[in-house]
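Novice: My structure is below; once you've seen it, I'll send some questions.
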There are 2 protein chains.
Amino acid sequence: MCELLGMSANVPTDIAFSFAGLMRRGGQTGPHADGWGITFYEDKGCRAFHDPRPAARSDVAEFVRSHPIKSNIVLCHIRRANRGRVALENTHPFQRELWGRPWSFAHNGQLRGVKRWPLGAHAPIGTTDSEHAFCWLMDALRARFARPPSDRDLAAAVQDLAGQLAGLGVFNMLLSDGRSLFCHCSNRLAWLTRRAPFGPATLVDEDLTVDFARETTPGDVVTVVATRPLTRDEAWTVMEPGSCVVFRQGEAVPLPARRAPRRVAAVRGMAA
Amino acid sequence: MCELLGMSANVPTDIAFSFAGLMRRGGQTGPHADGWGITFYEDKGCRAFHDPRPAARSDVAEFVRSHPIKSNIVLCHIRRANRGRVALENTHPFQRELWGRPWSFAHNGQLRGVKRWPLGAHAPIGTTDSEHAFCWLMDALRARFARPPSDRDLAAAVQDLAGQLAGLGVFNMLLSDGRSLFCHCSNRLAWLTRRAPFGPATLVDEDLTVDFARETTPGDVVTVVATRPLTRDEAWTVMEPGSCVVFRQGEAVPLPARRAPRRVAAVRGMAA
């Protein structure tokens with residue numbers, strides 16, 4: 001299984017601490033050695049770094065780690081290939097433009113038969129079932145909305161379409177249009193919102209502690225989403241299978257009732 | 001005016017030498033201090049680095065320079081903003097997917113009134129006339145060819161559409177679908193093909209010489225395209241205004257007669 005990491009924040013924030021923990025799972029503390037990628041949103045644009053080499057031994061990863069980029073939304077993925085060979089074109093996050101917004105998509109899981117779902121204007125560049133699913137999702141959004149809908153209608157549509165894809169197998173997903181961070185959990189996704197009063201946190205994967213009280217200002221709201229909790233001493237919310245949650249400016253936003261995310265008991269000290 | 005740099009090669013080749021010269025023009029030997037970007041094609045995929053900061057003082061540029069990435073096609077652009085503020089979303093090369101291929105586009109010049117040309121499926125993310133022109137070009141290619149055409153038909157179509165855009169002003173362009181490097185010259189674009197027997201070359205912008213005989217194998221064919229010749233001791237071909245040239249695997253490929261590129265006298269020792 002691949003590892004996902006996402007961030008949504010109300011101020012440009014660097015994700016260096018969480019990234020450090022995740023990258024260790026790319027071929028060092030974890031088996032996810034088939035490449036990695038990260039997308040940073042900055043204002044209306046975004047930039048992505050991709051590398052088909054293991055994250056733990058990637059020069060590009062070392063650069064990203066040592067040159068923190070401040071961003072409001074981040075999507076990161078480290079890959080353990082199951083469909084599609086190890087190659088740059090099969091490395092998440094994938095990107096497409098829709099309504100003049102740069103969309104990014106990262107997925108873990110498998111979707112049996114998704115490649116038989118017909119596509120329209122969007123076509124995969126690589127051979128993963130994930131990129132096919134993303135193209136289908138972009139086509140479906142364009143078919144529903146010729147012009148960009150309200151954030152609320154968009155969130156409801158993404159929730160519905162993600163649910164359809166999840167019917168094919170395992171669909172843990174991070175998706176963004178640069179405004180919202182959309183998350184769907186099939187079986188493994190957890191999140192955590194940091195806000196004042198900030199305290200220290202210790203990574204599960206590395207003997208590294210950060211005191212967020214020193215790194216933040218009192219108004220900061222920063223949510224981190226990950227396949228597995230990245231820290232051992234914070235209260236992560238483990239998402240319920242089949243649920244969606246949407247973050248904007250670091251805060252979870254209400255979703256229509258049908259598939260509203262229900263928070264299960266916070267898990268303290270969950271080990272990776 | 002912005003500076004363009006392109007490469008087409010028959011073997012994965014690093015562009016570090018030419019890149020070193022170009023980056024100096026980004027705010028050091030040239031006035032192009034409003035950001036820069038580079039796209040490397042690797043097999044079916046590509047990766048891009050963008051930075052709205054001056055190239056000559058960019059950490060990302062220093063990383064790209066010190067970690068050469070081998071690629072068959074490269075597009076690079078350093079920007080002097082005339083339309084659209086200095087921001088990540090306005091930084092070339094722009095990228096879109098069409099027919100399952102990752103297209104990249106970089107432009108220098110201005111296109112008066114292009115934003116009044118209607119768009120279809122592709123919409124700009126930023127505010128430059130360049131990105132609008134690229135979206136129009138992608139829409140027009142999709143309208144002409146529901147499925148990917150032959151390389152020859154595609155080259156003819158790009159030549160025709162680039163000519164239409166050039167009617168609006170200055171349109172020096174690099175474009176790629178990962179197979180071909182399409183170049184259009186309005187007033188400033190030059191190219192050079194290196195092949196055996198290889199020799200030394202000296203950068204115009206930096207006191208740096210490389211002996212390509214040491215860096216290459218006898219079968220290598222590498223074409224470099226640039227706004228202005230990057231070396232002082234090689235025979236660059238300066239493109240004729242209004243002409244197109246298309247490179248595949250490092251070689252110029254024949255184009256339909258109507259707008260075939262005519263090579264003007266090679267310019268030796270042209271100064272920047």
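Ligands are numbered from 1 in the order shown, residues from 1 within each chain, and chains are lettered A, B, ... in the order they appear in the structure tokens.
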Tell me, counting only C-alpha atoms, for each residue of stretch 160-255 of chain B within 6 Å of stretch 82-105 of chain B, which pair of atoms is nearest and how far apart they are in Å to one decimal, in rows ordered by chain and increasing number, as JSON lines.

Specialist:
```
{"residue": "B:Leu174", "atom": "CA", "partner": "B:Phe105", "partner_atom": "CA", "distance": 5.8}
{"residue": "B:Leu175", "atom": "CA", "partner": "B:Phe105", "partner_atom": "CA", "distance": 4.5}
{"residue": "B:Ser176", "atom": "CA", "partner": "B:Ser104", "partner_atom": "CA", "distance": 5.4}
{"residue": "B:Asp177", "atom": "CA", "partner": "B:Trp103", "partner_atom": "CA", "distance": 4.4}
```

Novice: Store the residues of this selection in a file with C-alpha atoms, as a PDB file, in the first residue's frame.

Specialist:
```
ATOM      1  CA  LEU B 174       8.766  26.072 -27.789  1.00  0.00           C
ATOM      2  CA  LEU B 175       6.162  23.312 -27.601  1.00  0.00           C
ATOM      3  CA  SER B 176       6.396  19.586 -26.975  1.00  0.00           C
ATOM      4  CA  ASP B 177       4.167  16.560 -26.629  1.00  0.00           C
TER       5      ASP B 177
END
```

Novice: Can you list, as a PyMOL selection string, every residue of stretch 3-202 of chain B that DSSP puts in helix (DSSP H, G or I)?

Specialist: chain B and resi 16-24+55-57+59-66+88-90+114-116+129-144+151-166

Novice: What is the distance, in Å and to one decimal place, between atom CA of B:Trp117 and atom CA of B:Ile78?

Specialist: 25.7 Å

Novice: Identify, on the basis of only C-alpha atoms, every residue whose closest approach to stretch 106-112 of chain B does not exceed 10 Å; exclude the query and any residue fewer than 5 positions from it along the same chain; express the result as a PyMOL selection string.

Specialist: chain B and resi 1-6+37-39+75-83+91-95+128-134+165-176+183-188+227

Novice: As number ranges by chain, please: the residues near stretch 205-221 of chain A (cut-off 9 Å, only C-alpha atoms, same-chain neighbours under 5 positions excluded).

Specialist: A: 8-11, 13, 17, 20-22, 24-25, 29, 193-200, 230-231, 249-251, 272

Novice: Find the distance between atom CA of B:Asp151 and atom CA of B:Trp36 and write it in Å to one decimal.

Specialist: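 Going from atom CA of B:Asp151 over to atom CA of B:Trp36, I get 29.3 Å.
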
Novice: With only C-alpha atoms as the atoms that count, which of B:Trp136, B:Trp191, B:Phe40, B:Phe63 lies nearest to chain A?

Specialist: B:Phe63

Novice: Would you mind writing down, as a ChimeraX atom specification, each residue of stretch 24-178 of chain B that DSSP on the backbone assigns to strand (DSSP E)?

Specialist: /B:36-42,45-51,71-78,94-98,101-108,172-176

Novice: Quick one: pull the distance between atom CA of A:Cys135 and atom CA of A:Gly120, Å, one decimal.

Specialist: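 Computing it gives 8.3 Å between the two atoms.
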
Novice: Might you pull out every residue within 10 Å of A:Ile15, with only C-alpha atoms counted and same-chain residues fewer than 3 positions away left off, and present them as an MDAnalysis selection string?

Specialist: chainID A and resid 5:7 12 18:20 40 64:65 68:74 222 224

Novice: Can I get the selected residues back with C-alpha atoms, as a PDB file, in the first residue's frame?

Specialist:
```pdb
ATOM      1  CA  LEU A   5       0.175  12.876   3.189  1.00  0.00           C
ATOM      2  CA  GLY A   6      -1.927  15.999   2.822  1.00  0.00           C
ATOM      3  CA  MET A   7      -2.051  19.429   4.414  1.00  0.00           C
ATOM      4  CA  PRO A  12       1.312  29.424   4.093  1.00  0.00           C
ATOM      5  CA  SER A  18       5.576  15.679   8.513  1.00  0.00           C
ATOM      6  CA  PHE A  19       7.470  15.239   5.239  1.00  0.00           C
ATOM      7  CA  ALA A  20      10.552  14.096   7.163  1.00  0.00           C
ATOM      8  CA  PHE A  40       2.545  22.472  -3.241  1.00  0.00           C
ATOM      9  CA  VAL A  64      12.405  19.488  -0.612  1.00  0.00           C
ATOM     10  CA  ARG A  65      13.239  18.546   2.965  1.00  0.00           C
ATOM     11  CA  PRO A  68      10.850  24.175   3.064  1.00  0.00           C
ATOM     12  CA  ILE A  69       8.224  25.573   0.706  1.00  0.00           C
ATOM     13  CA  LYS A  70       5.368  27.405   2.392  1.00  0.00           C
ATOM     14  CA  SER A  71       2.009  26.403   1.018  1.00  0.00           C
ATOM     15  CA  ASN A  72      -1.697  26.400   1.894  1.00  0.00           C
ATOM     16  CA  ILE A  73      -2.386  22.967   0.448  1.00  0.00           C
ATOM     17  CA  VAL A  74       0.003  20.041  -0.002  1.00  0.00           C
ATOM     18  CA  VAL A 222      -3.087  23.550  10.136  1.00  0.00           C
ATOM     19  CA  VAL A 224      -2.435  17.194   8.379  1.00  0.00           C
TER      20      VAL A 224
END
```
